[in-house]
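Peer 1: For reference, this is my_file11.txt, and it has compact mmCIF, C-alpha atoms.
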# COMPACT_ATOMS: atom_id res chain seq x y z
CA MET A 1 38.52 18.85 -16.32
CA ILE A 2 35.63 19.93 -18.55
CA GLU A 3 36.58 20.51 -22.19
CA ILE A 4 34.27 22.68 -24.28
CA PRO A 5 34.22 21.81 -28.02
CA THR A 6 35.07 24.82 -30.20
CA ASP A 7 32.06 24.23 -32.48
CA LEU A 8 29.55 24.19 -29.61
CA PRO A 9 26.69 26.72 -29.81
CA ALA A 10 26.79 29.22 -26.94
CA ASP A 11 23.46 27.92 -25.57
CA LEU A 12 25.03 24.50 -24.94
CA VAL A 13 28.09 25.61 -22.99
CA PRO A 14 26.37 25.09 -19.59
CA LEU A 15 25.64 21.48 -20.66
CA SER A 16 28.98 20.77 -22.34
CA TRP A 17 30.18 18.45 -19.56
CA LEU A 18 27.44 15.96 -20.50
CA ILE A 19 28.53 15.46 -24.12
CA GLY A 20 29.73 11.94 -24.81
CA VAL A 21 28.74 8.35 -24.23
CA TRP A 22 28.55 7.12 -20.65
CA GLU A 23 28.31 3.52 -19.41
CA GLY A 24 28.10 1.90 -16.02
CA THR A 25 25.81 0.21 -13.56
CA GLY A 26 23.21 1.18 -11.04
CA VAL A 27 20.63 -0.16 -8.64
CA ILE A 28 16.85 -0.23 -8.60
CA ASP A 29 15.01 -0.25 -5.27
CA TYR A 30 11.28 0.58 -5.41
CA GLU A 31 8.16 -0.77 -3.74
CA ALA A 32 4.80 -0.29 -5.42
CA ASP A 33 1.63 -2.13 -6.32
CA GLY A 34 2.34 -4.73 -3.62
CA ARG A 35 5.72 -5.67 -5.11
CA THR A 36 9.36 -4.91 -4.49
CA PHE A 37 11.45 -4.08 -7.54
CA SER A 38 15.19 -4.34 -6.91
CA GLY A 39 18.37 -5.33 -8.65
CA GLU A 40 21.42 -4.14 -10.52
CA PHE A 41 21.22 -2.77 -14.04
CA ALA A 42 23.62 -1.77 -16.83
CA HIS A 43 23.09 1.65 -18.35
CA ARG A 44 24.33 3.38 -21.51
CA VAL A 45 23.62 7.09 -22.02
CA SER A 46 24.57 9.30 -24.95
CA PHE A 47 24.52 13.10 -25.19
CA SER A 48 25.42 14.57 -28.58
CA HIS A 49 24.79 17.68 -30.64
CA ASP A 50 24.33 18.30 -34.34
CA GLY A 51 24.87 22.05 -34.42
CA GLY A 52 21.48 23.00 -33.00
CA ASP A 53 20.91 24.71 -29.64
CA PHE A 54 19.99 21.41 -27.96
CA LEU A 55 21.58 18.11 -26.97
CA ASN A 56 20.33 14.84 -28.45
CA TYR A 57 19.84 12.23 -25.74
CA THR A 58 19.44 8.44 -25.80
CA ALA A 59 19.55 5.97 -22.92
CA HIS A 60 19.20 2.20 -22.66
CA ALA A 61 19.12 0.03 -19.54
CA TRP A 62 19.26 -3.72 -18.95
CA LEU A 63 18.50 -5.62 -15.74
CA LEU A 64 21.48 -7.78 -14.80
CA ASP A 65 20.67 -11.31 -13.69
CA GLY A 66 23.85 -13.36 -13.63
CA GLU A 67 24.96 -13.60 -17.25
CA ASP A 68 21.55 -12.50 -18.53
CA ARG A 69 20.66 -8.92 -19.52
CA ARG A 70 16.94 -8.20 -19.72
CA PRO A 71 15.94 -4.95 -21.47
CA LEU A 72 14.44 -2.31 -19.19
CA VAL A 73 13.77 1.18 -20.50
CA SER A 74 14.87 2.90 -23.67
CA GLU A 75 14.38 6.63 -23.88
CA THR A 76 15.24 9.39 -26.31
CA GLY A 77 14.88 13.11 -26.18
CA TYR A 78 16.30 16.60 -26.18
CA TRP A 79 17.95 18.78 -23.54
CA ARG A 80 18.25 22.55 -23.89
CA VAL A 81 18.82 25.71 -21.92
CA ALA A 82 15.37 27.31 -21.77
CA ARG A 83 14.85 30.62 -23.51
CA PRO A 84 11.85 32.28 -25.15
CA ALA A 85 11.37 31.39 -28.82
CA THR A 86 11.83 34.22 -31.31
CA ASP A 87 10.98 34.77 -34.97
CA ALA A 88 14.51 33.52 -35.73
CA ASP A 89 13.60 30.04 -34.42
CA PRO A 90 11.87 27.50 -36.69
CA GLY A 91 8.62 25.83 -35.68
CA PRO A 92 6.22 24.75 -34.59
CA ALA A 93 6.27 21.61 -36.75
CA LEU A 94 7.98 22.27 -40.11
CA LEU A 95 7.37 26.02 -40.16
CA PRO A 96 10.58 27.88 -41.02
CA ALA A 97 11.98 30.84 -39.11
CA THR A 98 10.61 34.19 -40.25
CA ALA A 99 13.67 36.26 -39.30
CA GLU A 100 17.42 35.96 -39.66
CA ALA A 101 19.02 34.27 -36.62
CA PRO A 102 21.78 36.37 -35.04
CA ARG A 103 24.72 34.42 -33.66
CA ARG A 104 24.09 33.90 -29.94
CA THR A 105 26.96 34.79 -27.64
CA ALA A 106 28.09 33.93 -24.13
CA ASP A 107 26.54 37.24 -23.02
CA ASP A 108 23.16 36.13 -24.45
CA VAL A 109 23.37 32.91 -22.45
CA GLU A 110 24.58 34.69 -19.31
CA ALA A 111 21.42 36.83 -19.44
CA LEU A 112 19.43 33.61 -18.82
CA ARG A 113 21.15 32.88 -15.49
CA THR A 114 18.68 32.22 -12.64
CA ASP A 115 18.63 33.83 -9.19
CA GLU A 116 20.17 30.58 -7.87
CA GLY A 117 23.17 31.01 -10.18
CA GLY A 118 22.25 28.33 -12.71
CA PHE A 119 20.64 28.19 -16.13
CA PRO A 120 17.03 27.06 -16.74
CA LEU A 121 16.58 23.72 -18.53
CA GLU A 122 13.88 22.04 -20.57
CA VAL A 123 14.19 18.30 -21.15
CA SER A 124 11.70 16.34 -23.24
CA LEU A 125 11.89 12.53 -23.14
CA ALA A 126 9.98 9.77 -24.90
CA HIS A 127 10.10 6.26 -23.40
CA ALA A 128 9.65 3.08 -25.41
CA ASP A 129 6.92 2.01 -22.94
CA GLY A 130 4.50 4.78 -24.03
CA ILE A 131 5.40 7.51 -21.53
CA LEU A 132 6.37 11.07 -22.46
CA GLU A 133 7.95 13.42 -19.91
CA LEU A 134 8.63 17.15 -19.92
CA TYR A 135 11.13 18.13 -17.24
CA LEU A 136 11.96 21.64 -16.09
CA GLY A 137 14.94 22.43 -13.92
CA GLN A 138 18.35 23.99 -13.96
CA VAL A 139 22.03 23.32 -14.45
CA ARG A 140 24.48 24.84 -11.96
CA GLY A 141 28.03 23.98 -12.91
CA PRO A 142 28.34 20.18 -13.02
CA ARG A 143 24.94 19.56 -11.34
CA ILE A 144 21.47 19.26 -12.86
CA ASP A 145 18.16 19.18 -10.96
CA LEU A 146 15.00 18.28 -12.90
CA ALA A 147 11.33 17.73 -12.02
CA THR A 148 8.50 16.72 -14.32
CA HIS A 149 6.26 19.54 -15.47
CA ALA A 150 4.07 17.16 -17.47
CA VAL A 151 3.72 13.40 -17.97
CA VAL A 152 1.66 11.92 -20.80
CA ARG A 153 0.88 8.19 -21.03
CA THR A 154 -0.62 6.06 -23.76
CA ALA A 155 -3.72 4.06 -22.85
CA GLY A 156 -1.60 0.92 -22.47
CA ALA A 157 1.18 2.43 -20.34
CA LYS A 158 1.53 1.62 -16.65
CA PRO A 159 0.47 4.21 -14.03
CA TYR A 160 3.17 6.87 -13.72
CA GLY A 161 2.55 10.30 -12.23
CA SER A 162 5.74 12.33 -11.81
CA ALA A 163 9.50 12.17 -11.37
CA THR A 164 12.63 14.04 -10.41
CA ARG A 165 16.14 13.46 -11.69
CA LEU A 166 19.49 14.59 -10.35
CA TYR A 167 22.71 14.45 -12.40
CA GLY A 168 26.20 15.37 -11.30
CA LEU A 169 29.78 15.11 -12.47
CA VAL A 170 31.83 13.66 -9.61
CA ASP A 171 35.44 12.47 -10.06
CA ASP A 172 34.94 12.32 -13.85
CA HIS A 173 31.88 10.07 -13.46
CA LEU A 174 28.26 10.89 -14.27
CA LEU A 175 26.18 10.12 -11.19
CA TRP A 176 22.41 10.26 -11.35
CA ALA A 177 19.36 9.51 -9.23
CA TRP A 178 15.79 9.12 -10.46
CA ASP A 179 12.81 9.36 -8.09
CA ILE A 180 9.36 8.41 -9.38
CA ALA A 181 5.69 8.34 -8.41
CA ALA A 182 4.23 5.20 -9.98
CA PHE A 183 1.30 2.82 -9.35
CA GLY A 184 -0.38 5.45 -7.15
CA ARG A 185 2.60 5.81 -4.81
CA GLU A 186 4.01 9.17 -3.73
CA LEU A 187 7.31 10.37 -5.18
CA SER A 188 10.15 8.26 -3.76
CA SER A 189 13.59 6.89 -4.54
CA HIS A 190 13.66 4.50 -7.50
CA ALA A 191 17.09 4.14 -9.12
CA SER A 192 20.60 5.54 -9.20
CA ALA A 193 23.75 4.85 -11.19
CA ARG A 194 27.42 5.73 -11.66
CA LEU A 195 28.60 5.99 -15.26
CA ALA A 196 32.03 6.49 -16.84
CA ARG A 197 32.64 8.29 -20.12
CA VAL A 198 33.51 5.71 -22.80
CA GLU A 199 33.44 7.96 -25.89
Please re-express this file's structure in structure tokens.
Peer 2:
Amino acid sequence: MIEIPTDLPADLVPLSWLIGVWEGTGVIDYEADGRTFSGEFAHRVSFSHDGGDFLNYTAHAWLLDGEDRRPLVSETGYWRVARPATDADPGPALLPATAEAPRRTADDVEALRTDEGGFPLEVSLAHADGILELYLGQVRGPRIDLATHAVVRTAGAKPYGSATRLYGLVDDHLLWAWDIAAFGRELSSHASARLARVE
């Protein structure tokens, strides 16, 4: 059962089932640059909110090799239901809002519903390895489909072109799959995991 916190902003209700800390394991299976990357990894993901109309996101992964855990990726970012910015929203940068923000309601959020029956999403992620991703997609009940709209890499980052991610709530577990296009390879399966809520 999905419980919606009473203090949750209306814009976050479609994402409420994500809130919490999730842990579990997954598998990597990817061939690129003449190498095969495979193995089991541990994963910890956190979705939280601080009263804003977005979820805070952090994720850490470690490759499991017997008793050893080797760090893989760390990423942080923000997830939100997409809507046009208004004068009541702050930004860009530290610029304050120029109008009073009315309290958004369930009807305001419902007006954002897509033709497919979901809600549009924007997800921005920064990886510790110098890669920034902007995903666009949608949430439909306990399922999220995302695809990169933009990928930015630092000069020292490894070749990485695009990605898709799929998240779903199945039997009280967060299941996800991440397909990537890296090292000049076309988009293909890369990793998946099953996580249980621990907080």
Peer 1: Suppose you want the space between atom CA of A:Ile19 and atom CA of A:Thr114; what is it in Å?
Peer 2: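 Computed distance, atom CA of A:Ile19 to atom CA of A:Thr114, equals 22.6 Å.
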Peer 1: Out of A:Ala59, A:Leu187, A:Ala42, A:Ala111, which residue has the shortest atom-to-atom distance to A:Asp11 when counting all atoms listed in the file?
Peer 2: A:Ala111
Peer 1: Report, in Å to a single decimal, how far apart atom CA of A:Phe183 and atom CA of A:Trp79 are.
Peer 2: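 Computed distance, atom CA of A:Trp79 to atom CA of A:Phe183, equals 27.1 Å.
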Peer 1: Stretch 29-118 of chain A near stretch 141-161 of chain A within 12 Å: what's each residue's closest atom pair and its distance in Å to one decimal, counting all atoms listed in the file, ordered by chain then ascending residue number, as CSV?
Peer 2:
residue,atom,partner,partner_atom,distance
A:Ala32,CA,A:Pro159,CA,10.6
A:Asp33,CA,A:Pro159,CA,10.0
A:Trp79,CA,A:Leu146,CA,11.1
A:Arg80,CA,A:Ile144,CA,12.0
A:Val81,CA,A:Ile144,CA,11.4
A:Arg113,CA,A:Gly141,CA,11.5
A:Glu116,CA,A:Gly141,CA,11.4
A:Gly117,CA,A:Gly141,CA,9.0
A:Gly118,CA,A:Gly141,CA,7.2
Peer 1: Need the shell around A:Val170: protein/DNA/RNA residues with any atom at most 12 Å away, counting only C-alpha atoms. Skip same-chain ones fewer than 5 positions apart. Format as an MDAnalysis selection string?
Peer 2: chainID A and resid 1:2 17:18 141:143 175:176 194:197
Peer 1: For a quick check of understanding, using only C-alpha atoms, which of A:Asp129, A:Pro102, A:Pro92, A:Leu15 has the smallest distance to A:Tyr167?
Peer 2: A:Leu15
